[in-house]
>>> print(open('data_28.cif').read())   # mmCIF, C-alpha atoms
data_protein
loop_
_atom_site.label_atom_id
_atom_site.label_comp_id
_atom_site.auth_asym_id
_atom_site.auth_seq_id
_atom_site.Cartn_x
_atom_site.Cartn_y
_atom_site.Cartn_z
CA MET A 1 -141.75 -181.31 -113.97
CA LYS A 2 -140.23 -182.59 -110.74
CA SER A 3 -141.09 -185.96 -109.27
CA ASP A 4 -143.79 -185.95 -106.61
CA LYS A 5 -142.29 -188.99 -104.93
CA VAL A 6 -141.28 -188.71 -101.30
CA PRO A 7 -137.47 -188.29 -101.23
CA SER A 8 -135.74 -191.45 -100.03
CA ARG A 9 -132.22 -190.03 -100.15
CA PRO A 10 -130.90 -186.76 -98.67
CA LEU A 11 -131.08 -184.82 -101.95
CA GLY A 12 -134.22 -186.46 -103.28
CA GLY A 13 -136.39 -183.83 -104.99
CA VAL A 14 -133.41 -181.54 -105.72
CA ARG A 15 -132.95 -180.76 -109.42
CA VAL A 16 -129.49 -179.85 -110.73
CA LEU A 17 -128.71 -178.43 -114.17
CA ASP A 18 -125.11 -179.29 -114.99
CA PHE A 19 -123.44 -177.26 -117.76
CA SER A 20 -119.94 -178.54 -116.88
CA THR A 21 -117.64 -180.94 -118.72
CA LEU A 22 -114.56 -183.09 -118.11
CA LEU A 23 -113.76 -183.60 -114.39
CA PRO A 24 -114.37 -180.94 -111.68
CA GLY A 25 -118.03 -180.11 -112.31
CA PRO A 26 -119.10 -183.63 -113.36
CA PHE A 27 -117.42 -185.15 -110.29
CA ALA A 28 -119.24 -182.66 -108.07
CA THR A 29 -122.61 -183.36 -109.64
CA LEU A 30 -121.93 -187.12 -109.50
CA LEU A 31 -121.78 -186.85 -105.71
CA LEU A 32 -125.05 -184.90 -105.73
CA ALA A 33 -126.65 -187.52 -107.96
CA GLU A 34 -125.48 -190.34 -105.70
CA ALA A 35 -127.16 -188.58 -102.78
CA GLY A 36 -130.45 -188.53 -104.67
CA ALA A 37 -130.43 -185.31 -106.72
CA GLU A 38 -131.85 -185.32 -110.22
CA VAL A 39 -128.92 -184.16 -112.35
CA ILE A 40 -129.60 -183.05 -115.92
CA LYS A 41 -126.45 -182.68 -117.96
CA ILE A 42 -126.61 -179.95 -120.61
CA GLU A 43 -124.35 -180.96 -123.52
CA ARG A 44 -123.40 -179.76 -126.96
CA GLU A 45 -125.45 -181.17 -129.81
CA ALA A 46 -122.30 -182.14 -131.70
CA GLY A 47 -120.48 -184.77 -129.65
CA GLY A 48 -121.55 -183.67 -126.18
CA ASP A 49 -119.07 -183.57 -123.31
CA GLU A 50 -115.49 -183.88 -124.64
CA LEU A 51 -114.97 -186.74 -122.22
CA ARG A 52 -117.34 -188.93 -124.25
CA MET A 53 -114.68 -189.14 -126.96
CA GLY A 54 -111.87 -190.37 -124.71
CA THR A 55 -110.38 -193.83 -124.29
CA PRO A 56 -110.69 -196.58 -123.17
CA ARG A 57 -114.25 -196.89 -124.43
CA VAL A 58 -117.26 -198.87 -123.27
CA GLY A 59 -119.95 -198.83 -125.93
CA SER A 60 -120.47 -195.37 -127.42
CA ALA A 61 -118.44 -193.37 -124.88
CA SER A 62 -115.31 -193.49 -122.76
CA ILE A 63 -115.30 -195.38 -119.48
CA ASN A 64 -114.33 -192.11 -117.77
CA PHE A 65 -117.52 -190.50 -119.01
CA GLY A 66 -119.55 -193.41 -117.68
CA LEU A 67 -117.88 -193.26 -114.28
CA LEU A 68 -118.44 -189.52 -113.84
CA ASN A 69 -121.95 -189.28 -115.25
CA ALA A 70 -123.73 -192.36 -113.97
CA GLY A 71 -127.27 -191.66 -112.79
CA LYS A 72 -127.63 -188.40 -114.72
CA ARG A 73 -129.83 -187.34 -117.66
CA SER A 74 -128.51 -185.75 -120.86
CA ILE A 75 -129.96 -182.89 -122.90
CA ALA A 76 -128.16 -182.07 -126.15
CA ILE A 77 -128.70 -178.46 -127.20
CA ASP A 78 -127.00 -175.61 -129.05
CA LEU A 79 -126.36 -173.00 -126.38
CA LYS A 80 -125.27 -170.49 -129.02
CA SER A 81 -128.79 -170.48 -130.43
CA ALA A 82 -131.19 -168.05 -128.73
CA GLU A 83 -134.12 -170.22 -129.78
CA SER A 84 -132.55 -173.30 -128.23
CA ARG A 85 -131.79 -171.45 -125.01
CA LYS A 86 -135.46 -170.45 -124.72
CA ARG A 87 -136.33 -174.13 -124.48
CA LEU A 88 -134.28 -174.32 -121.29
CA LEU A 89 -136.33 -171.61 -119.60
CA PRO A 90 -138.80 -173.99 -117.88
CA LEU A 91 -135.88 -175.97 -116.45
CA LEU A 92 -134.12 -172.81 -115.28
CA ARG A 93 -137.29 -171.69 -113.51
CA GLU A 94 -137.50 -174.96 -111.57
CA ALA A 95 -133.83 -175.75 -111.00
CA ASP A 96 -132.58 -175.87 -107.43
CA VAL A 97 -128.90 -175.87 -108.39
CA ILE A 98 -127.02 -174.78 -111.53
CA VAL A 99 -123.38 -175.80 -112.03
CA GLU A 100 -121.22 -174.31 -114.79
CA GLN A 101 -117.53 -174.49 -115.58
CA PHE A 102 -116.95 -172.09 -118.45
CA ARG A 103 -114.43 -169.27 -118.28
CA PRO A 104 -115.83 -166.26 -116.41
CA GLY A 105 -118.23 -164.26 -118.58
CA VAL A 106 -119.23 -167.02 -121.01
CA MET A 107 -122.56 -167.81 -119.34
CA ASP A 108 -123.35 -164.08 -119.13
CA ARG A 109 -122.78 -163.71 -122.87
CA LEU A 110 -125.12 -166.64 -123.47
CA GLY A 111 -127.84 -165.01 -121.37
CA LEU A 112 -127.48 -167.77 -118.78
CA GLY A 113 -125.46 -165.92 -116.14
CA TYR A 114 -126.45 -165.62 -112.51
CA GLY A 115 -128.30 -162.36 -113.05
CA ASP A 116 -130.32 -163.89 -115.89
CA VAL A 117 -131.21 -166.96 -113.85
CA ARG A 118 -131.99 -164.98 -110.72
CA ARG A 119 -134.61 -162.93 -112.55
CA VAL A 120 -136.64 -166.06 -113.31
CA ASN A 121 -135.61 -168.14 -110.28
CA PRO A 122 -134.43 -166.11 -107.25
CA LYS A 123 -134.14 -169.25 -105.11
CA ALA A 124 -131.64 -170.92 -107.44
CA ILE A 125 -128.17 -171.85 -106.20
CA TYR A 126 -125.73 -170.92 -108.95
CA CYS A 127 -122.26 -172.50 -108.72
CA SER A 128 -119.45 -171.46 -111.07
CA ILE A 129 -116.20 -173.46 -111.09
CA SER A 130 -113.15 -171.86 -112.69
CA GLY A 131 -109.39 -172.22 -112.61
CA TYR A 132 -108.89 -168.77 -111.08
CA SER A 133 -111.16 -166.38 -109.24
CA ALA A 134 -113.51 -164.58 -111.62
CA ASP A 135 -112.25 -161.12 -110.66
CA GLY A 136 -108.50 -161.85 -110.51
CA PRO A 137 -105.87 -160.96 -113.11
CA SER A 138 -105.66 -164.60 -114.24
CA ALA A 139 -109.42 -165.04 -114.63
CA GLN A 140 -109.22 -165.77 -118.38
CA VAL A 141 -106.12 -167.99 -118.26
CA ALA A 142 -106.65 -171.57 -119.48
CA GLY A 143 -105.27 -174.40 -117.41
CA HIS A 144 -105.49 -177.94 -116.13
CA ASP A 145 -104.66 -179.73 -112.89
CA LEU A 146 -100.88 -179.65 -113.39
CA THR A 147 -100.72 -175.93 -114.20
CA TYR A 148 -103.08 -175.04 -111.35
CA MET A 149 -100.82 -176.89 -108.90
CA ALA A 150 -97.77 -175.20 -110.40
CA ASP A 151 -99.32 -171.73 -110.13
CA ALA A 152 -100.35 -172.31 -106.51
CA GLY A 153 -96.83 -173.42 -105.53
CA VAL A 154 -97.99 -176.87 -104.43
CA LEU A 155 -96.01 -178.66 -107.13
CA SER A 156 -92.70 -177.47 -105.68
CA LEU A 157 -93.16 -178.69 -102.13
CA ALA A 158 -92.21 -182.37 -102.48
CA THR A 159 -89.31 -181.69 -104.82
CA ALA A 160 -85.79 -182.44 -103.64
CA PRO A 161 -83.45 -179.44 -103.97
CA GLY A 162 -82.07 -179.32 -107.50
CA SER A 163 -84.49 -181.96 -108.77
CA GLN A 164 -87.30 -181.67 -111.30
CA PRO A 165 -90.83 -181.62 -109.85
CA ALA A 166 -92.69 -184.89 -110.37
CA ILE A 167 -96.07 -185.08 -112.11
CA PRO A 168 -98.58 -185.82 -109.31
CA PRO A 169 -100.39 -189.17 -109.76
CA VAL A 170 -103.70 -187.75 -108.49
CA LEU A 171 -105.76 -184.78 -109.66
CA VAL A 172 -105.66 -182.79 -106.45
CA ALA A 173 -106.56 -179.49 -108.10
CA ASP A 174 -109.58 -180.66 -110.08
CA ILE A 175 -111.05 -182.80 -107.31
CA GLY A 176 -109.70 -181.25 -104.10
CA GLY A 177 -109.71 -177.63 -105.31
CA GLY A 178 -112.76 -177.77 -107.57
CA ALA A 179 -115.24 -180.62 -107.16
CA MET A 180 -115.14 -181.07 -103.38
CA PRO A 181 -115.40 -177.34 -102.49
CA ALA A 182 -118.26 -177.06 -104.99
CA VAL A 183 -120.20 -179.85 -103.28
CA VAL A 184 -119.54 -178.46 -99.80
CA ASN A 185 -120.73 -174.98 -100.76
CA ILE A 186 -123.76 -176.24 -102.69
CA LEU A 187 -124.86 -178.20 -99.61
CA LEU A 188 -124.28 -175.14 -97.42
CA ALA A 189 -126.30 -173.04 -99.87
CA LEU A 190 -129.16 -175.55 -99.78
CA LEU A 191 -129.15 -175.40 -95.99
CA HIS A 192 -129.02 -171.59 -96.12
CA ARG A 193 -132.00 -171.56 -98.49
CA ASN A 194 -133.95 -173.85 -96.17
CA ASN A 195 -133.33 -171.35 -93.37
CA THR A 196 -133.84 -168.11 -95.30
CA GLY A 197 -135.65 -168.93 -98.53
CA GLN A 198 -132.86 -167.22 -100.48
CA GLY A 199 -130.75 -168.54 -103.33
CA SER A 200 -126.97 -168.08 -103.55
CA ARG A 201 -124.18 -167.24 -105.97
CA ILE A 202 -121.16 -169.52 -105.44
CA SER A 203 -117.80 -168.96 -107.12
CA VAL A 204 -115.32 -171.83 -106.78
CA SER A 205 -111.71 -171.01 -107.70
CA ILE A 206 -109.64 -174.17 -108.08
CA THR A 207 -106.31 -172.42 -107.49
CA ASP A 208 -107.61 -170.40 -104.53
CA ASN A 209 -108.76 -173.59 -102.85
CA LEU A 210 -105.38 -175.28 -103.35
CA PHE A 211 -103.88 -172.97 -100.75
CA ALA A 212 -105.79 -174.87 -98.05
CA TRP A 213 -103.87 -178.06 -98.81
CA PRO A 214 -100.38 -177.01 -97.64
CA TYR A 215 -102.27 -175.75 -94.59
CA ALA A 216 -99.24 -175.06 -92.37
CA ALA A 217 -96.72 -173.90 -94.95
CA VAL A 218 -98.72 -171.01 -96.39
CA PRO A 219 -99.83 -169.31 -93.14
CA LYS A 220 -96.31 -169.67 -91.76
CA GLY A 221 -94.87 -168.03 -94.85
CA VAL A 222 -97.44 -165.25 -95.04
CA ALA A 223 -97.29 -164.45 -91.31
CA LEU A 224 -93.62 -165.00 -90.57
CA GLY A 225 -91.94 -164.80 -93.94
CA THR A 226 -90.51 -168.27 -93.40
CA TRP A 227 -91.38 -170.06 -96.62
CA PRO A 228 -90.93 -173.82 -97.00
CA VAL A 229 -87.80 -175.22 -98.60
CA PRO A 230 -88.80 -177.64 -101.39
CA GLY A 231 -88.28 -181.17 -100.12
CA GLY A 232 -86.97 -179.88 -96.84
CA GLU A 233 -89.99 -179.62 -94.54
CA ARG A 234 -91.12 -182.23 -92.05
CA LEU A 235 -93.84 -183.59 -94.32
CA THR A 236 -92.07 -183.13 -97.65
CA GLY A 237 -88.87 -185.12 -97.17
CA GLY A 238 -86.93 -183.19 -94.56
CA SER A 239 -87.50 -185.70 -91.77
CA ALA A 240 -86.38 -189.29 -91.20
CA ARG A 241 -89.83 -189.88 -89.70
CA TYR A 242 -91.75 -189.03 -92.87
CA GLN A 243 -89.88 -190.60 -95.72
CA ILE A 244 -89.92 -193.13 -98.54
CA TYR A 245 -87.12 -195.69 -98.33
CA ARG A 246 -85.90 -198.07 -101.06
CA THR A 247 -85.66 -201.79 -100.27
CA LYS A 248 -83.10 -204.32 -101.52
CA ASP A 249 -85.50 -205.65 -104.18
CA GLU A 250 -86.22 -202.16 -105.57
CA ARG A 251 -89.57 -201.75 -103.82
CA TYR A 252 -90.29 -198.92 -101.39
CA ILE A 253 -91.39 -198.52 -97.79
CA ALA A 254 -93.45 -195.46 -96.83
CA ALA A 255 -92.61 -194.54 -93.25
CA ALA A 256 -94.60 -191.97 -91.25
CA PRO A 257 -93.90 -192.61 -87.53
CA LEU A 258 -94.11 -188.93 -86.62
CA GLU A 259 -95.17 -189.31 -82.98
CA GLU A 260 -92.49 -190.46 -80.56
CA ARG A 261 -94.32 -193.65 -79.55
CA PHE A 262 -94.61 -194.73 -83.19
CA TRP A 263 -91.03 -193.67 -83.91
CA GLN A 264 -89.67 -195.88 -81.15
CA VAL A 265 -91.66 -198.87 -82.44
CA PHE A 266 -90.34 -198.19 -85.94
CA CYS A 267 -86.78 -197.95 -84.64
CA ASP A 268 -87.19 -201.24 -82.79
CA CYS A 269 -88.48 -202.93 -85.95
CA ILE A 270 -85.43 -201.90 -87.95
CA ALA A 271 -82.98 -202.15 -85.00
CA LEU A 272 -81.79 -198.56 -85.34
CA ALA A 273 -78.82 -197.76 -83.09
CA PRO A 274 -79.83 -195.90 -79.88
CA GLU A 275 -77.55 -192.94 -80.59
CA LEU A 276 -79.42 -192.23 -83.84
CA ARG A 277 -82.94 -192.36 -82.46
CA ASN A 278 -82.95 -188.75 -81.34
CA ASP A 279 -83.18 -187.49 -84.89
CA ALA A 280 -83.20 -183.87 -83.74
CA ASN A 281 -79.45 -184.14 -83.18
CA ASN A 282 -78.66 -184.83 -86.83
CA VAL A 283 -81.61 -185.39 -89.14
CA GLY A 284 -79.41 -186.24 -92.09
CA ALA A 285 -77.41 -188.87 -90.22
CA THR A 286 -80.55 -190.58 -88.92
CA ARG A 287 -82.25 -190.49 -92.30
CA ASP A 288 -79.18 -191.94 -94.04
CA ALA A 289 -78.86 -194.70 -91.44
CA VAL A 290 -82.53 -195.69 -91.79
CA ALA A 291 -82.18 -195.68 -95.57
CA GLU A 292 -79.14 -197.97 -95.37
CA ILE A 293 -80.94 -200.43 -93.07
CA ILE A 294 -84.10 -200.57 -95.22
CA ALA A 295 -81.98 -201.03 -98.35
CA SER A 296 -80.23 -204.06 -96.78
CA ARG A 297 -83.35 -206.29 -96.81
CA ASP A 298 -86.10 -206.99 -99.32
CA SER A 299 -89.68 -205.75 -99.13
CA ALA A 300 -91.08 -209.09 -97.88
CA HIS A 301 -88.80 -208.87 -94.85
CA TRP A 302 -89.99 -205.38 -93.99
CA GLN A 303 -93.64 -206.25 -94.53
CA ALA A 304 -93.23 -209.05 -92.00
CA ALA A 305 -91.25 -206.83 -89.62
CA PHE A 306 -93.90 -204.10 -89.54
CA SER A 307 -96.92 -206.42 -89.59
CA GLY A 308 -99.05 -206.01 -86.47
CA LYS A 309 -96.81 -203.23 -85.14
CA ASP A 310 -97.75 -199.58 -84.59
CA ALA A 311 -94.81 -198.48 -86.71
CA CYS A 312 -96.78 -196.41 -89.25
CA ALA A 313 -94.79 -198.03 -92.06
CA THR A 314 -96.03 -199.96 -95.07
CA LEU A 315 -95.10 -201.15 -98.53
CA VAL A 316 -95.73 -198.74 -101.39
CA ARG A 317 -98.23 -200.84 -103.31
CA THR A 318 -99.12 -200.79 -106.95
CA MET A 319 -102.67 -199.72 -107.77
CA GLN A 320 -103.48 -203.34 -108.64
CA GLU A 321 -102.18 -204.61 -105.30
CA ALA A 322 -104.21 -201.98 -103.44
CA ALA A 323 -107.45 -202.57 -105.37
CA GLU A 324 -107.23 -206.34 -104.85
CA ASP A 325 -106.55 -206.11 -101.13
CA PRO A 326 -109.55 -207.17 -98.97
CA GLN A 327 -109.38 -203.82 -97.17
CA PHE A 328 -110.25 -201.98 -100.39
CA SER A 329 -111.73 -204.48 -102.86
CA ARG A 330 -115.14 -203.99 -101.23
CA LEU A 331 -115.15 -200.41 -102.57
CA PHE A 332 -115.70 -201.69 -106.11
CA SER A 333 -118.83 -203.76 -105.53
CA ARG A 334 -121.19 -201.07 -106.90
CA GLN A 335 -121.65 -200.96 -110.65
CA VAL A 336 -122.25 -198.49 -113.47
CA SER A 337 -123.86 -199.36 -116.79
CA GLN A 338 -123.14 -197.78 -120.14
CA ASP A 339 -124.80 -199.04 -123.30
CA GLY A 340 -125.74 -202.17 -121.40
CA VAL A 341 -122.20 -202.94 -120.23
CA LEU A 342 -121.59 -203.15 -116.47
CA PHE A 343 -118.34 -202.07 -114.79
CA PRO A 344 -117.30 -201.00 -111.26
CA ALA A 345 -118.42 -197.55 -110.14
CA LEU A 346 -116.11 -194.88 -108.74
CA ALA A 347 -115.31 -195.25 -105.06
CA THR A 348 -116.80 -191.90 -104.04
CA PRO A 349 -116.95 -190.48 -100.48
CA VAL A 350 -120.77 -190.52 -100.32
CA ALA A 351 -121.77 -192.70 -97.35
CA PRO A 352 -123.47 -195.98 -98.42
CA GLN A 353 -126.68 -195.20 -96.54
CA PHE A 354 -127.19 -192.05 -98.62
CA ARG A 355 -126.90 -193.59 -102.09
CA SER A 356 -128.63 -196.25 -104.14
CA ALA A 357 -127.06 -199.71 -104.27
CA ALA A 358 -128.53 -200.35 -107.73
CA ALA A 359 -126.37 -199.89 -110.82
CA GLN A 360 -126.67 -196.39 -112.24
CA ALA A 361 -126.66 -195.82 -116.00
CA ALA A 362 -124.62 -193.21 -117.85
CA PRO A 363 -126.88 -191.28 -120.25
CA PRO A 364 -126.70 -191.54 -124.05
CA LEU A 365 -126.27 -188.11 -125.59
CA GLY A 366 -129.60 -186.27 -125.70
CA GLU A 367 -131.73 -189.02 -124.13
CA GLY A 368 -133.21 -186.41 -121.79
CA ASN A 369 -134.40 -184.10 -124.55
CA VAL A 370 -137.86 -185.55 -123.92
CA ILE A 371 -137.89 -183.30 -120.86
CA LEU A 372 -138.05 -180.36 -123.28
CA GLY A 373 -140.99 -181.94 -125.07
CA GLU A 374 -138.92 -183.23 -127.98
#
>>> encode(input="data_28.cif", output="structure tokens")
Amino acid sequence: MKSDKVPSRPLGGVRVLDFSTLLPGPFATLLLAEAGAEVIKIEREAGGDELRMGTPRVGSASINFGLLNAGKRSIAIDLKSAESRKRLLPLLREADVIVEQFRPGVMDRLGLGYGDVRRVNPKAIYCSISGYSADGPSAQVAGHDLTYMADAGVLSLATAPGSQPAIPPVLVADIGGGAMPAVVNILLALLHRNNTGQGSRISVSITDNLFAWPYAAVPKGVALGTWPVPGGERLTGGSARYQIYRTKDERYIAAAPLEERFWQVFCDCIALAPELRNDANNVGATRDAVAEIIASRDSAHWQAAFSGKDACATLVRTMQEAAEDPQFSRLFSRQVSQDGVLFPALATPVAPQFRSAAAQAAPPLGEGNVILGE
């Protein structure tokens, strides 16, 4: 069933069966598809991936579905039907990678668990993504990005004492705790198989992987019992050198001159008094003084003051301002098509030389059922 063509991209010739939905699994398999893998998305007969039904829509599905599933195939099948599952057997025998994102135990009950697959395909790499480790006490708990970050303690770290935690604007748990670790371990498993001929069982716990993000706070707390104070650590608001300051025109400056050489440049740019530059003497006094100075002038003044200087300070831009800046606008030159409509592709971390420059199409539901002989 696989193409006999000579692979032109790093994962050319690799077949992936993707049983996942929504974000973590589909984002992971998108990266594999961009690197040349053949990704076949296994969807429900009725409606397919829930993300198809979201908004805003482009053609028959949401734009989010198109962004995450460009370049993939789609098989629509009833996984609860034993007869339907039998039709997947030829694909399971040939698959290089299987990705699933159900709660632990669901694939086993369907007869599609790792043990079932291994009996027909011992070289398969089987990757399960879940909110919590499969053998932990929270294994069956439902959740989403916000609750995963809350459970892992990450949500508290940038909160000022006595203040309500803010909803993060990026999906760190789903992408950083789920999708990215899945891709890394799948690639490692492929390399391991090349060296040993053996398949692998990979279990990706989103919440477990979140503990790598506050990389200094957690080991310090576990080893020394000195746990971070919300909003009070060097990188979470406790330092004048790593802070967000309000300007006179209600914009904000993000300042991160942590190293002494950058700090002195920053202090020169804002004309901070010499006696306040040694912020170790009184962090609060220095932070308040910097805040007062930044608040005295508008954002255009500070943009000009920091321009061309190694001050590690910049305007907090809107998403529109950032996307339209020449530094980043180039990231949106690639395109995705869905039902014949073209729109910019996701700016993924796959290096340009490893992916196709041509527009990739998101699959209509069930278009790949021809693979099963239908």
>>> resolve_selection(input="data_28.cif", expression="the PyMOL selection byres ((chain A and resi 169-186) around 6)", output="PyMOL selection string")
chain A and resi 24-25+27-28+145+168+187-189+206+209-210
>>> atom_distance(input="data_28.cif", atom1="CA of Leu17 (chain A)", atom2="CA of Arg119 (chain A)")
16.7 Å
>>> resolve_selection(input="data_28.cif", expression="the PyMOL selection byres ((chain A and resi 320-333) around 12)", output="PyMOL selection string")
chain A and resi 67+314-319+334-336+342-352+357-359
>>> resolve_selection(input="data_28.cif", expression="the PyMOL selection byres ((chain A and resi 134) around 9)", output="PyMOL selection string")
chain A and resi 103-105+130-133+135-140+203-205
>>> residues_around(input="data_28.cif", residues="Arg287 (chain A)", least_positions_apart="5", cutoff="12 Å", atoms="all atoms listed in the file", output="PyMOL selection string")
chain A and resi 237-245+255+267+272+276-282+292-294
>>> residues_around(input="data_28.cif", residues="Gly71 (chain A)", least_positions_apart="5", cutoff="10 Å", atoms="only C-alpha atoms", output="PDB file with C-alpha atoms, in the coordinates of the input")
ATOM      1  CA  LEU A  30    -121.930-187.120-109.500  1.00  0.00           C
ATOM      2  CA  ALA A  33    -126.650-187.520-107.960  1.00  0.00           C
ATOM      3  CA  GLU A  34    -125.480-190.340-105.700  1.00  0.00           C
ATOM      4  CA  GLY A  36    -130.450-188.530-104.670  1.00  0.00           C
ATOM      5  CA  ALA A  37    -130.430-185.310-106.720  1.00  0.00           C
ATOM      6  CA  GLU A  38    -131.850-185.320-110.220  1.00  0.00           C
ATOM      7  CA  VAL A  39    -128.920-184.160-112.350  1.00  0.00           C
ATOM      8  CA  ILE A  40    -129.600-183.050-115.920  1.00  0.00           C
ATOM      9  CA  GLY A  66    -119.550-193.410-117.680  1.00  0.00           C
ATOM     10  CA  VAL A 336    -122.250-198.490-113.470  1.00  0.00           C
ATOM     11  CA  SER A 337    -123.860-199.360-116.790  1.00  0.00           C
ATOM     12  CA  SER A 356    -128.630-196.250-104.140  1.00  0.00           C
ATOM     13  CA  ALA A 359    -126.370-199.890-110.820  1.00  0.00           C
ATOM     14  CA  GLN A 360    -126.670-196.390-112.240  1.00  0.00           C
ATOM     15  CA  ALA A 361    -126.660-195.820-116.000  1.00  0.00           C
ATOM     16  CA  ALA A 362    -124.620-193.210-117.850  1.00  0.00           C
ATOM     17  CA  PRO A 363    -126.880-191.280-120.250  1.00  0.00           C
TER      18      PRO A 363
END
>>> residues_around(input="data_28.cif", residues="Glu367 (chain A)", least_positions_apart="4", cutoff="8 Å", atoms="only C-alpha atoms", output="list in words")
Arg73, Ser74, Ile75 and Pro363 of chain A
>>> residues_around(input="data_28.cif", residues="region 146-159 of chain A", least_positions_apart="6", cutoff="6 Å", atoms="only C-alpha atoms", output="PyMOL selection string")
chain A and resi 165+207+230-231+236
>>> write_last_selection(input="data_28.cif", atoms="C-alpha atoms", output="PDB file, in the coordinates of the input")
ATOM      1  CA  PRO A 165     -90.830-181.620-109.850  1.00  0.00           C
ATOM      2  CA  THR A 207    -106.310-172.420-107.490  1.00  0.00           C
ATOM      3  CA  PRO A 230     -88.800-177.640-101.390  1.00  0.00           C
ATOM      4  CA  GLY A 231     -88.280-181.170-100.120  1.00  0.00           C
ATOM      5  CA  THR A 236     -92.070-183.130 -97.650  1.00  0.00           C
TER       6      THR A 236
END
>>> residues_near_point(input="data_28.cif", point="(-92.9, -195.3, -91.3)", cutoff="6 Å", atoms="only C-alpha atoms", output="PyMOL selection string")
chain A and resi 254-257+311-313
>>> residues_around(input="data_28.cif", residues="Lys86 (chain A)", least_positions_apart="6", cutoff="12 Å", atoms="all atoms listed in the file", output="ChimeraX atom specification")
/A:77-80,92-93,110-112,372
>>> atom_distance(input="data_28.cif", atom1="CA of Thr55 (chain A)", atom2="CA of Ile167 (chain A)")
20.7 Å
>>> atom_distance(input="data_28.cif", atom1="CA of Leu190 (chain A)", atom2="CA of Val14 (chain A)")
9.4 Å
